[in-house]
Structure formats: C-alpha cells, structure tokens
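Student: Below is target-v9.txt; it holds compact mmCIF, C-alpha atoms.
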# COMPACT_ATOMS: atom_id res chain seq x y z
CA MET A 126 -164.81 71.57 77.76
CA ASN A 127 -164.17 72.36 81.41
CA THR A 128 -165.88 75.47 82.75
CA TYR A 129 -164.58 77.15 85.91
CA ARG A 130 -166.42 79.78 87.93
CA ILE A 131 -164.06 82.58 88.93
CA ALA A 132 -164.82 85.34 91.46
CA ALA A 133 -162.80 88.43 90.57
CA ILE A 134 -162.27 90.92 93.42
CA PRO A 135 -160.12 93.78 92.00
CA ALA A 136 -160.46 95.78 95.27
CA ASP A 137 -158.12 98.73 95.83
CA GLY A 138 -155.42 100.86 94.24
CA ILE A 139 -153.81 99.21 91.22
CA GLY A 140 -155.86 96.08 91.88
CA PRO A 141 -158.47 96.87 89.19
CA GLU A 142 -155.70 97.67 86.67
CA VAL A 143 -153.78 94.43 87.12
CA ILE A 144 -156.83 92.20 87.46
CA SER A 145 -158.13 93.66 84.19
CA ALA A 146 -154.78 92.80 82.60
CA GLY A 147 -154.89 89.29 84.03
CA LEU A 148 -158.41 88.69 82.74
CA GLN A 149 -157.35 89.85 79.26
CA ALA A 150 -154.55 87.30 79.24
CA LEU A 151 -156.84 84.55 80.54
CA GLU A 152 -159.44 85.32 77.87
CA THR A 153 -156.74 85.10 75.20
CA LEU A 154 -155.67 81.72 76.62
CA GLU A 155 -159.27 80.49 76.51
CA LYS A 156 -159.53 81.32 72.83
CA ARG A 157 -156.12 79.84 72.01
CA ASP A 158 -156.49 76.68 74.08
CA GLY A 159 -160.13 75.90 73.43
CA GLY A 160 -160.22 73.28 76.16
CA PHE A 161 -161.56 75.33 79.04
CA LYS A 162 -163.78 78.30 79.79
CA LEU A 163 -163.69 80.78 82.67
CA ASP A 164 -167.02 82.13 83.86
CA VAL A 165 -165.94 85.31 85.66
CA THR A 166 -168.07 87.33 88.09
CA SER A 167 -166.65 90.59 89.47
CA PHE A 168 -167.35 91.87 92.99
CA ASP A 169 -166.87 95.55 93.85
CA TRP A 170 -165.69 94.88 97.40
CA GLY A 171 -162.89 96.87 98.99
CA SER A 172 -162.23 100.33 100.36
CA ASP A 173 -164.81 102.05 98.13
CA HIS A 174 -167.39 99.59 99.42
CA TYR A 175 -166.25 100.43 102.97
CA ARG A 176 -166.72 104.15 102.39
CA ARG A 177 -170.24 103.53 101.13
CA THR A 178 -171.39 100.92 103.63
CA GLY A 179 -168.95 100.82 106.54
CA LYS A 180 -167.87 97.28 105.55
CA MET A 181 -165.19 96.00 103.18
CA MET A 182 -167.60 93.35 101.90
CA PRO A 183 -171.18 92.31 102.69
CA GLU A 184 -171.85 90.12 105.70
CA ASP A 185 -172.68 87.21 103.41
CA GLY A 186 -169.59 87.77 101.24
CA PRO A 187 -167.78 84.54 102.15
CA GLU A 188 -170.97 82.54 101.75
CA ARG A 189 -171.45 83.95 98.24
CA LEU A 190 -167.88 83.03 97.31
CA LYS A 191 -168.33 79.36 98.20
CA ALA A 192 -170.00 78.73 94.86
CA TYR A 193 -166.83 79.57 92.91
CA ASP A 194 -163.91 77.39 91.88
CA ALA A 195 -161.30 80.09 92.55
CA ILE A 196 -160.95 83.71 93.63
CA PHE A 197 -158.84 86.16 91.60
CA PHE A 198 -157.92 88.95 94.01
CA GLY A 199 -156.29 92.33 93.26
CA ALA A 200 -155.00 94.26 96.26
CA VAL A 201 -156.33 95.70 99.49
CA GLY A 202 -155.42 98.93 101.27
CA ALA A 203 -156.17 102.65 101.02
CA PRO A 204 -154.50 105.75 102.48
CA ASP A 205 -157.68 106.94 104.19
CA VAL A 206 -158.76 103.57 105.66
CA PRO A 207 -156.77 102.01 108.52
CA ASP A 208 -154.78 98.99 107.34
CA HIS A 209 -156.19 96.67 109.99
CA ILE A 210 -159.69 97.43 108.75
CA THR A 211 -158.91 96.73 105.11
CA LEU A 212 -156.99 93.55 105.88
CA TRP A 213 -159.32 92.08 108.50
CA GLY A 214 -162.39 93.27 106.61
CA LEU A 215 -161.71 91.48 103.34
CA ARG A 216 -158.59 89.43 102.70
CA LEU A 217 -158.12 87.64 106.03
CA PRO A 218 -161.78 86.60 106.46
CA ILE A 219 -161.52 84.87 103.08
CA CYS A 220 -158.17 83.21 103.83
CA GLN A 221 -159.16 82.08 107.30
CA GLY A 222 -162.82 81.41 106.57
CA PHE A 223 -161.89 79.08 103.72
CA ASP A 224 -158.95 77.56 105.62
CA GLN A 225 -156.49 78.53 102.87
CA TYR A 226 -153.67 77.45 105.11
CA ALA A 227 -150.94 77.18 102.48
CA ASN A 228 -149.74 80.47 101.05
CA VAL A 229 -147.44 79.59 98.16
CA ARG A 230 -145.10 82.21 96.70
CA PRO A 231 -142.79 81.14 93.87
CA THR A 232 -139.87 83.43 93.08
CA ARG A 233 -137.40 83.29 90.25
CA ILE A 234 -135.48 85.77 88.14
CA LEU A 235 -137.23 86.11 84.81
CA PRO A 236 -135.31 86.61 81.56
CA GLY A 237 -134.53 90.27 80.98
CA VAL A 238 -135.49 91.32 84.52
CA PRO A 239 -132.48 92.73 86.37
CA SER A 240 -131.82 91.55 89.93
CA PRO A 241 -130.12 93.85 92.47
CA LEU A 242 -127.86 90.92 93.35
CA ALA A 243 -124.45 90.92 91.68
CA ASN A 244 -123.63 88.06 89.31
CA VAL A 245 -127.05 86.46 89.70
CA GLY A 246 -129.36 85.78 86.79
CA PRO A 247 -132.11 83.42 85.59
CA GLY A 248 -131.63 79.97 87.11
CA ASP A 249 -129.54 81.22 90.02
CA LEU A 250 -132.56 82.19 92.12
CA ASP A 251 -135.48 79.77 91.88
CA TRP A 252 -137.42 79.44 95.12
CA VAL A 253 -140.86 78.60 96.41
CA ILE A 254 -141.75 80.07 99.80
CA VAL A 255 -144.51 78.26 101.70
CA ARG A 256 -146.14 80.48 104.28
CA GLU A 257 -148.34 79.08 107.05
CA ASN A 258 -151.47 81.08 106.38
CA SER A 259 -154.00 80.35 109.12
CA GLU A 260 -152.47 80.94 112.55
CA GLY A 261 -149.20 82.12 114.07
CA GLU A 262 -148.81 85.84 114.53
CA TYR A 263 -151.89 86.61 112.39
CA ALA A 264 -154.31 84.52 114.40
CA GLY A 265 -156.10 87.67 115.54
CA HIS A 266 -155.89 86.95 119.26
CA GLY A 267 -154.92 89.58 121.78
CA GLY A 268 -156.31 92.85 123.00
CA ARG A 269 -155.79 96.27 124.54
CA ALA A 270 -156.60 97.57 127.98
CA HIS A 271 -156.38 100.93 129.80
CA ARG A 272 -156.43 102.80 126.48
CA GLY A 273 -154.87 106.24 126.58
CA LEU A 274 -153.46 105.81 130.07
CA PRO A 275 -149.76 105.47 130.92
CA GLU A 276 -150.32 101.84 131.84
CA GLU A 277 -151.99 100.99 128.52
CA VAL A 278 -151.14 97.47 127.42
CA ALA A 279 -151.53 95.69 124.10
CA THR A 280 -151.04 91.98 123.52
CA GLU A 281 -150.66 90.12 120.23
CA VAL A 282 -150.83 86.38 120.78
CA ALA A 283 -149.12 84.10 118.27
CA ILE A 284 -150.94 80.77 118.18
CA PHE A 285 -149.26 77.60 116.94
CA THR A 286 -151.12 74.30 116.96
CA ARG A 287 -149.75 70.84 116.33
CA VAL A 288 -152.30 70.24 113.58
CA GLY A 289 -151.56 73.59 111.95
CA VAL A 290 -147.79 73.19 111.97
CA THR A 291 -147.92 69.53 110.93
CA ARG A 292 -150.10 70.16 107.90
CA ILE A 293 -148.01 73.05 106.58
CA MET A 294 -144.80 71.06 107.13
CA ARG A 295 -146.26 68.11 105.28
CA TYR A 296 -147.35 70.41 102.44
CA ALA A 297 -143.88 71.97 102.24
CA PHE A 298 -142.05 68.63 102.30
CA LYS A 299 -144.34 67.26 99.60
CA LEU A 300 -143.76 70.36 97.46
CA ALA A 301 -139.98 70.08 97.94
CA GLN A 302 -140.23 66.41 97.00
CA SER A 303 -141.88 67.37 93.70
CA ARG A 304 -139.11 69.79 92.73
CA PRO A 305 -135.85 68.64 91.07
CA ARG A 306 -133.53 69.52 93.96
CA LYS A 307 -135.73 67.99 96.70
CA LEU A 308 -134.40 70.56 99.16
CA LEU A 309 -136.32 72.26 101.98
CA THR A 310 -135.26 74.97 104.42
CA VAL A 311 -137.33 75.40 107.60
CA VAL A 312 -137.21 78.94 108.98
CA THR A 313 -138.01 79.82 112.61
CA LYS A 314 -136.75 81.96 115.47
CA SER A 315 -136.63 79.18 118.03
CA ASN A 316 -133.66 80.59 119.94
CA ALA A 317 -135.80 83.51 121.17
CA GLN A 318 -139.34 82.15 120.75
CA ARG A 319 -138.85 79.08 122.88
CA PHE A 320 -142.33 77.62 122.89
CA GLY A 321 -144.23 77.84 119.62
CA LEU A 322 -141.19 77.85 117.38
CA VAL A 323 -139.37 75.13 119.27
CA MET A 324 -142.49 73.11 118.49
CA TRP A 325 -142.04 74.08 114.82
CA ASP A 326 -138.52 72.64 114.88
CA GLU A 327 -139.68 69.45 116.59
CA ILE A 328 -142.55 68.88 114.16
CA ALA A 329 -140.26 69.56 111.18
CA ALA A 330 -137.98 66.77 112.38
CA GLU A 331 -140.96 64.43 112.85
CA VAL A 332 -142.48 65.10 109.43
CA SER A 333 -139.09 64.81 107.71
CA LYS A 334 -139.11 61.09 108.48
CA GLU A 335 -142.03 60.70 106.07
CA PHE A 336 -139.90 62.15 103.25
CA PRO A 337 -136.50 60.43 103.37
CA ASP A 338 -135.66 61.59 99.85
CA VAL A 339 -135.95 65.29 100.82
CA THR A 340 -132.84 67.01 102.15
CA TRP A 341 -133.73 69.63 104.73
CA ASP A 342 -132.06 72.15 106.97
CA LYS A 343 -133.23 74.91 109.27
CA MET A 344 -132.35 78.57 109.67
CA LEU A 345 -133.13 81.35 112.11
CA VAL A 346 -135.09 84.03 110.28
CA ASP A 347 -132.47 86.76 110.76
CA ALA A 348 -129.73 84.55 109.36
CA MET A 349 -132.05 83.57 106.54
CA THR A 350 -132.11 87.14 105.20
CA VAL A 351 -128.33 86.96 104.89
CA ARG A 352 -128.42 83.58 103.15
CA MET A 353 -131.09 84.74 100.71
CA THR A 354 -128.98 87.74 99.77
CA LEU A 355 -125.48 86.28 99.72
CA ASN A 356 -126.08 82.64 98.78
CA PRO A 357 -129.35 82.41 96.85
CA LYS A 358 -128.27 79.28 94.96
CA SER A 359 -128.25 77.32 98.23
CA LEU A 360 -132.04 77.61 98.59
CA ASP A 361 -134.98 75.97 96.86
CA THR A 362 -138.18 75.36 98.87
CA ILE A 363 -138.68 77.37 102.07
CA VAL A 364 -141.30 77.08 104.80
CA ALA A 365 -141.90 79.61 107.58
CA THR A 366 -144.50 81.07 109.90
CA ASN A 367 -147.19 83.49 108.83
CA LEU A 368 -145.19 86.58 109.81
CA HIS A 369 -141.70 85.41 108.89
CA ALA A 370 -142.72 84.16 105.45
CA ASP A 371 -144.68 87.35 104.82
CA ILE A 372 -141.49 89.35 105.31
CA LEU A 373 -139.13 86.92 103.57
CA SER A 374 -141.34 86.69 100.48
CA ASP A 375 -141.21 90.46 100.02
CA LEU A 376 -137.42 90.27 100.25
CA ALA A 377 -137.51 87.45 97.71
CA GLY A 378 -139.59 89.54 95.31
CA ALA A 379 -137.17 92.44 95.61
CA LEU A 380 -134.17 90.17 95.02
CA ALA A 381 -135.88 88.84 91.89
CA GLY A 382 -136.22 92.38 90.59
CA SER A 383 -139.49 93.82 91.89
CA LEU A 384 -142.59 93.05 93.94
CA GLY A 385 -144.33 93.66 90.63
CA VAL A 386 -143.31 90.18 89.49
CA ALA A 387 -144.22 88.29 92.69
CA PRO A 388 -147.34 86.05 92.74
CA THR A 389 -149.25 84.33 95.53
CA ALA A 390 -151.65 81.43 95.87
CA ASN A 391 -153.71 81.01 99.04
CA ILE A 392 -154.49 77.30 98.88
CA ASP A 393 -156.94 75.02 100.61
CA PRO A 394 -155.07 71.81 99.78
CA GLU A 395 -158.09 69.69 100.68
CA ARG A 396 -160.21 71.63 98.14
CA ARG A 397 -163.14 72.03 100.49
CA TYR A 398 -163.40 75.71 99.57
CA PRO A 399 -162.24 77.94 96.72
CA SER A 400 -158.57 78.96 96.84
CA MET A 401 -157.57 82.59 96.28
CA PHE A 402 -154.88 83.92 93.95
CA GLU A 403 -153.35 87.38 94.27
CA PRO A 404 -150.20 89.34 93.40
CA ILE A 405 -148.30 90.33 96.54
CA HIS A 406 -147.40 93.90 95.57
CA GLY A 407 -150.26 95.58 97.41
CA SER A 408 -152.46 98.47 96.34
CA ALA A 409 -149.58 100.84 95.39
CA PHE A 410 -151.61 104.03 95.56
CA ASP A 411 -148.54 106.06 94.54
CA ILE A 412 -148.90 104.76 90.97
CA THR A 413 -152.64 104.12 90.85
CA GLY A 414 -154.18 105.43 87.65
CA LYS A 415 -150.85 106.11 85.96
CA GLY A 416 -151.07 103.03 83.77
CA ILE A 417 -147.63 101.74 84.74
CA ALA A 418 -148.49 98.99 87.24
CA ASN A 419 -146.56 95.82 86.50
CA PRO A 420 -149.01 93.06 85.46
CA ILE A 421 -146.43 90.25 85.55
CA ALA A 422 -147.23 89.26 89.15
CA THR A 423 -150.89 88.99 88.19
CA PHE A 424 -150.10 86.91 85.10
CA TRP A 425 -147.98 84.58 87.24
CA THR A 426 -150.77 84.45 89.81
CA ALA A 427 -153.20 83.56 87.01
CA ALA A 428 -150.85 80.75 85.99
CA GLN A 429 -150.94 79.43 89.56
CA MET A 430 -154.74 79.55 89.41
CA LEU A 431 -154.78 77.59 86.14
CA GLU A 432 -152.48 74.95 87.62
CA HIS A 433 -154.75 74.61 90.65
CA LEU A 434 -157.81 74.27 88.41
CA GLY A 435 -156.14 71.46 86.48
CA GLU A 436 -155.01 73.35 83.37
CA PRO A 437 -151.20 72.99 83.51
CA LYS A 438 -150.65 73.39 79.76
CA ALA A 439 -152.44 76.74 79.75
CA ALA A 440 -150.41 77.81 82.79
CA GLU A 441 -147.16 76.89 81.02
CA ARG A 442 -148.23 78.78 77.91
CA LEU A 443 -149.00 81.89 79.96
CA MET A 444 -145.64 81.84 81.75
CA ALA A 445 -143.79 81.18 78.48
CA ALA A 446 -145.48 84.27 77.03
CA VAL A 447 -144.56 86.36 80.08
CA GLU A 448 -140.91 85.30 79.92
CA ALA A 449 -140.74 85.94 76.18
CA VAL A 450 -142.11 89.48 76.59
CA ALA A 451 -139.78 90.26 79.50
CA ALA A 452 -136.79 88.97 77.52
CA LYS A 453 -137.68 91.33 74.67
CA GLY A 454 -137.42 94.29 77.04
CA ILE A 455 -141.13 95.10 77.10
CA ARG A 456 -141.22 95.96 80.78
CA THR A 457 -142.81 98.48 83.13
CA PRO A 458 -140.67 101.11 84.92
CA ASP A 459 -140.29 99.14 88.17
CA ILE A 460 -138.09 96.61 86.34
CA GLY A 461 -136.19 99.05 84.17
CA GLY A 462 -138.56 99.48 81.25
CA THR A 463 -140.73 102.21 79.77
CA ALA A 464 -143.82 100.19 78.80
CA THR A 465 -147.29 100.74 80.18
CA THR A 466 -149.46 98.11 81.81
CA GLN A 467 -151.50 97.80 78.63
CA GLN A 468 -148.46 97.54 76.37
CA VAL A 469 -147.10 94.64 78.43
CA THR A 470 -150.53 93.02 78.47
CA ASP A 471 -150.94 93.39 74.71
CA ALA A 472 -147.48 91.91 74.14
CA VAL A 473 -148.23 88.92 76.38
CA CYS A 474 -151.55 88.31 74.64
CA GLU A 475 -149.80 88.47 71.27
CA GLU A 476 -147.25 85.88 72.44
CA ILE A 477 -150.05 83.62 73.64
CA ARG A 478 -151.61 83.78 70.17
CA GLY A 479 -148.26 82.92 68.59
CA ALA A 480 -147.77 79.48 67.12
CA ASN A 481 -144.46 78.89 68.91
CA ILE A 482 -145.83 78.79 72.47
Represent the structure contained in this file as structure tokens.
Tutor:
Amino acid sequence: MNTYRIAAIPADGIGPEVISAGLQALETLEKRDGGFKLDVTSFDWGSDHYRRTGKMMPEDGPERLKAYDAIFFGAVGAPDVPDHITLWGLRLPICQGFDQYANVRPTRILPGVPSPLANVGPGDLDWVIVRENSEGEYAGHGGRAHRGLPEEVATEVAIFTRVGVTRIMRYAFKLAQSRPRKLLTVVTKSNAQRFGLVMWDEIAAEVSKEFPDVTWDKMLVDAMTVRMTLNPKSLDTIVATNLHADILSDLAGALAGSLGVAPTANIDPERRYPSMFEPIHGSAFDITGKGIANPIATFWTAAQMLEHLGEPKAAERLMAAVEAVAAKGIRTPDIGGTATTQQVTDAVCEEIRGANI
C-alpha cells in the first residue's frame, strides 16, 4: 500500500469548509480503493495566524512543508488584511519557493451544470489552461518612491526569462500532445508588450519544432476573451503568462458555470518539492459559514492531486462521482441548486461507495 503525506492548509474564508469536504471524499476513496493511504497533517496558517503573530505562516513554514508529498490548500484572503499581505505571506512563498512553475487549470462543463453560454453543454467546452507560475507580472520586482507626494511613482516589473518561458512552453506542448485533439493556443499581448512577450512568441515557435504532431496557434489576450466566449469549441490546451492566465482561467470557470467548480494544480514538474493543489474560487467571505460553498472545485483539485501522486484510478473514481452527483441535480446555489456543502459531499461519498463507479 502506498502512503502519501499530505499537508492540509485550509487557511481563510470558505477554505476550511471545502478542504474538510475534500478530505471526507478522499477518506472515502481510501476505504473504497484500499490501495493507498493519505497521512494528513493540518496547518492553521492564514489570516487568523497573521492576526495572532503578524505573519501568515511561521518563518520555517516552507521548510516544514518539504517533508510532504503534496499540499492541499484552501483559500487565502480576508476583508481586514490587505490582499498583498495574504498573498505574499502564504501562497506565493510556497509556489515560488518550491518552484511550482506550472499552474494547471482544467475547465469543462460538467453534466447538469448550466453554462451562461447559449447552446453549449458538456463536451463543447473542454480546456486546460497552463499558467506560467513563477515569473512574469508576479515576479515581485518593482518599488515605490516619493510616497504621498505628487510625484509619487510605483513600478511593477514583469520579468520573463528564456529558461522560464521555455520550460512552461515545453510543459504546455507536452500536455497538448497527450490530449486527443493535440491542439495548443499560445496567448500573449506581443503587439503592445514588445520585449518580454515578443520573446514568448519566438520561444513558442522554437519549442513547437519539438512537437510536430501538435497543432498550435497564437492569440492576443484581448481577442482570446472573445474566442473563449463565442467559439469555445475551437480551443483545447491554452498557455499564457502569469497574469493573463490568471484572468483567463477565472473567465473559463465562469463560462463553465461557476468558479465553484474550477480546480488548480501548482506543479513542480521535476518533483524536487511538493506540489500544491487548490480550488481557484478564493476565500468568498460573503458566504463563509453559511454552509453553501461549492465543494466541486475542491473535489476536482483532489483528483488532480491523486493523479500527481500516481493514483489515476482513484482520481477517475472521484470525478465520476462528482459528475454523477451534479447530473442528479444535487448542487449548491452558485450552480442553480439548493443543496448545502455537506449534502453535496455526502452524495459524492455515497457515489464513491457505489459498486458502479
């Protein structure tokens, strides 16, 4: 039996609610499958930890996480703590410290989940967005001078390196190659950003030669929003910069019905460090404690984690259970249902136990 050490960081807002739901589903899978075991340790890091200590996590937090096989992360952000503190105090130090340079966000319309797009249903929108996750606009370089004066200036420096762009392009092409359509769309804004993103275009063309069986095209990010909305069937695998993919993946989640169904994997493809898995919906303080947070994104995220750990059958079983429950209409309010978080979780666990999955 394979045993995997999992660090659970529920963090803020609805994070504890959905991570609890995810762990219930994973425990049910363990019992049903019998071939693996998850040894889960929870860490109380986040905004409450910041209020107590002045830090989102302890100084040695990343060092403590190195011992784990994967990180199961909830959400970060609180109304009374500045966003740059919550993000740079917890999530980004883990992503950047562990060089989780591939942020992978699959999106598809699940059975029974209504999309805002007309005449689009399951099978018509099936994408994977690959987000460069280590540099670009989120590199953390820049500064402010002459604060409070009329001549105050702030700079935000987007950093693109040949090694960083090449490795994410290679990852995206390889992922596209593994999917049935073997189709990749490279998204930039190289008409206006004529240095870093022109380099993106050039490196995409170079890397494409390594994958002659992959068809690829490129889009400017503004035009891409139109294509995603009006011609979703024309897309499959998508790769973009840290900022652009961050925005496009939220649009993708909305087009698939809700951010409540959108998962994320922050991957270190070389497996030098633990990878981190999180739903993308954020802390959602407006519904915190109401018991109506959608756990589907967390279940899907858990399936990504199982795949990464080498348990693809368990991941398939989990997603089959999620789709079966959604198709039955057992859904939270954000996707047109009346069920609670726990009711959806119980239904998914019951499906996992079923003999037909």
Student: Would you please work out which residue, of A:Ser383, A:Asn356, A:Asn316, A:Thr362, is nearest to A:Val245 when using all atoms listed in the file?
Tutor: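 Of A:Ser383, A:Asn356, A:Asn316, A:Thr362, the one nearest A:Val245, counting all atoms listed in the file, is A:Asn356.
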Student: Which of these residues is nearest to A:Ala377, using only C-alpha atoms: A:Trp252, A:Trp425, A:Phe285, A:Tyr398?
Tutor: A:Trp252
Student: If you take only C-alpha atoms and a cut-off of 12 Å, which residues of stretch 399-428 of chain A touch stretch 213-222 of chain A, and what are their nearest atom pairs and distances in Å to one decimal, in chain and number order, as CSV?
Tutor:
residue,atom,partner,partner_atom,distance
A:Pro399,CA,A:Ile219,CA,9.4
A:Ser400,CA,A:Cys220,CA,8.2
A:Met401,CA,A:Cys220,CA,7.6
A:Phe402,CA,A:Cys220,CA,10.4
A:Glu403,CA,A:Arg216,CA,10.1
A:Gly407,CA,A:Arg216,CA,11.6
Student: I need the residues from that last selection saved to file as a short mmCIF file (atom, residue, chain, number, x, y, z; two decimals), in the frame of the given file (with C-alpha atoms), if you can.
Tutor:
data_model
loop_
_atom_site.label_atom_id
_atom_site.label_comp_id
_atom_site.auth_asym_id
_atom_site.auth_seq_id
_atom_site.Cartn_x
_atom_site.Cartn_y
_atom_site.Cartn_z
CA PRO A 399 -162.24 77.94 96.72
CA SER A 400 -158.57 78.96 96.84
CA MET A 401 -157.57 82.59 96.28
CA PHE A 402 -154.88 83.92 93.95
CA GLU A 403 -153.35 87.38 94.27
CA GLY A 407 -150.26 95.58 97.41
#
Student: Residues within 12 Å of A:Lys314, please, as a compact mmCIF listing (two decimals) with C-alpha atoms, in the frame of the given file. Count only C-alpha atoms; anything in the same chain fewer than 2 positions from it doesn't count.
Tutor:
# COMPACT_ATOMS: atom_id res chain seq x y z
CA VAL A 311 -137.33 75.40 107.60
CA VAL A 312 -137.21 78.94 108.98
CA ASN A 316 -133.66 80.59 119.94
CA ALA A 317 -135.80 83.51 121.17
CA GLN A 318 -139.34 82.15 120.75
CA ARG A 319 -138.85 79.08 122.88
CA PHE A 320 -142.33 77.62 122.89
CA GLY A 321 -144.23 77.84 119.62
CA LEU A 322 -141.19 77.85 117.38
CA VAL A 323 -139.37 75.13 119.27
CA MET A 324 -142.49 73.11 118.49
CA TRP A 325 -142.04 74.08 114.82
CA ASP A 326 -138.52 72.64 114.88
CA LYS A 343 -133.23 74.91 109.27
CA MET A 344 -132.35 78.57 109.67
CA LEU A 345 -133.13 81.35 112.11
CA VAL A 346 -135.09 84.03 110.28
CA ASP A 347 -132.47 86.76 110.76
CA ALA A 348 -129.73 84.55 109.36
CA MET A 349 -132.05 83.57 106.54
CA ALA A 365 -141.90 79.61 107.58
CA THR A 366 -144.50 81.07 109.90
CA LEU A 368 -145.19 86.58 109.81
CA HIS A 369 -141.70 85.41 108.89
CA ALA A 370 -142.72 84.16 105.45
Student: What does the distance from atom CA of A:Ile234 to atom CA of A:Asp158 come to in Å, to one decimal?
Tutor: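 We find that atom CA of A:Ile234 and atom CA of A:Asp158 lie 26.9 Å from each other.
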Student: Using all atoms listed in the file, find the one residue out of A:Tyr129, A:Phe410, A:Tyr296, A:Phe161 that sits nearest to A:Arg256.
Tutor: A:Tyr296
Student: Taking all listed atoms of stretch 259-278 of chain A, build the axis-aligned box, pad each of the six sides by 4 Å, then write its centre and edge lengths in Å to one decimal as lines of an AutoDock Vina configuration file.
Tutor:
center_x = -152.7
center_y = 93.3
center_z = 120.5
size_x = 15.8
size_y = 33.9
size_z = 30.7
Student: Which residues come within 8 Å of A:Pro420, counting only C-alpha atoms, excluding same-chain residues fewer than 5 positions away, as an mmCIF file with C-alpha atoms, in the coordinates of the input?
Tutor:
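This is the output file out_11.cif:
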data_model
loop_
_atom_site.group_PDB
_atom_site.id
_atom_site.type_symbol
_atom_site.label_atom_id
_atom_site.label_comp_id
_atom_site.auth_asym_id
_atom_site.auth_seq_id
_atom_site.Cartn_x
_atom_site.Cartn_y
_atom_site.Cartn_z
ATOM 1 C CA VAL A 143 -153.780 94.430 87.120
ATOM 2 C CA ALA A 146 -154.780 92.800 82.600
ATOM 3 C CA GLY A 147 -154.890 89.290 84.030
ATOM 4 C CA GLY A 385 -144.330 93.660 90.630
ATOM 5 C CA VAL A 386 -143.310 90.180 89.490
ATOM 6 C CA THR A 466 -149.460 98.110 81.810
ATOM 7 C CA VAL A 469 -147.100 94.640 78.430
ATOM 8 C CA THR A 470 -150.530 93.020 78.470
#
Student: Name the closest residue to A:Ser374 among the candidates A:His266, A:Arg233, A:Lys180, A:Arg295; distances are taken between atoms, counting all atoms listed in the file.
Tutor: A:Arg233
Student: For the atom pair atom CA of A:Tyr193 and atom CA of A:Asp208, what is the interatomic distance in Å to one decimal place?
Tutor: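 The value is 27.0 Å.
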Student: For the atom pair atom CA of A:Asp342 and atom CA of A:Arg306, what is the interatomic distance in Å to one decimal place?
Tutor: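 Separating atom CA of A:Asp342 from atom CA of A:Arg306 is a distance of 13.4 Å.
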Student: Return the single residue from A:Leu274, A:Leu309, A:Ala329, A:Ala200 that is closest to A:Trp170, with distances computed using all atoms listed in the file.
Tutor: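 Nearest candidate to A:Trp170 out of A:Leu274, A:Leu309, A:Ala329, A:Ala200: A:Ala200.
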Student: With distances taken over all atoms listed in the file, which of A:Lys299, A:Lys438, A:Arg230, A:Arg292 is nearest to A:Glu260?
Tutor: A:Arg292
Student: With all atoms listed in the file as the counted atoms, please give the residues lying no more than 9 Å from A:Gln302, apart from itself and same-chain residues fewer than 4 positions off, as number ranges by chain.
Tutor: A: 297-298, 306-309, 336, 338-339
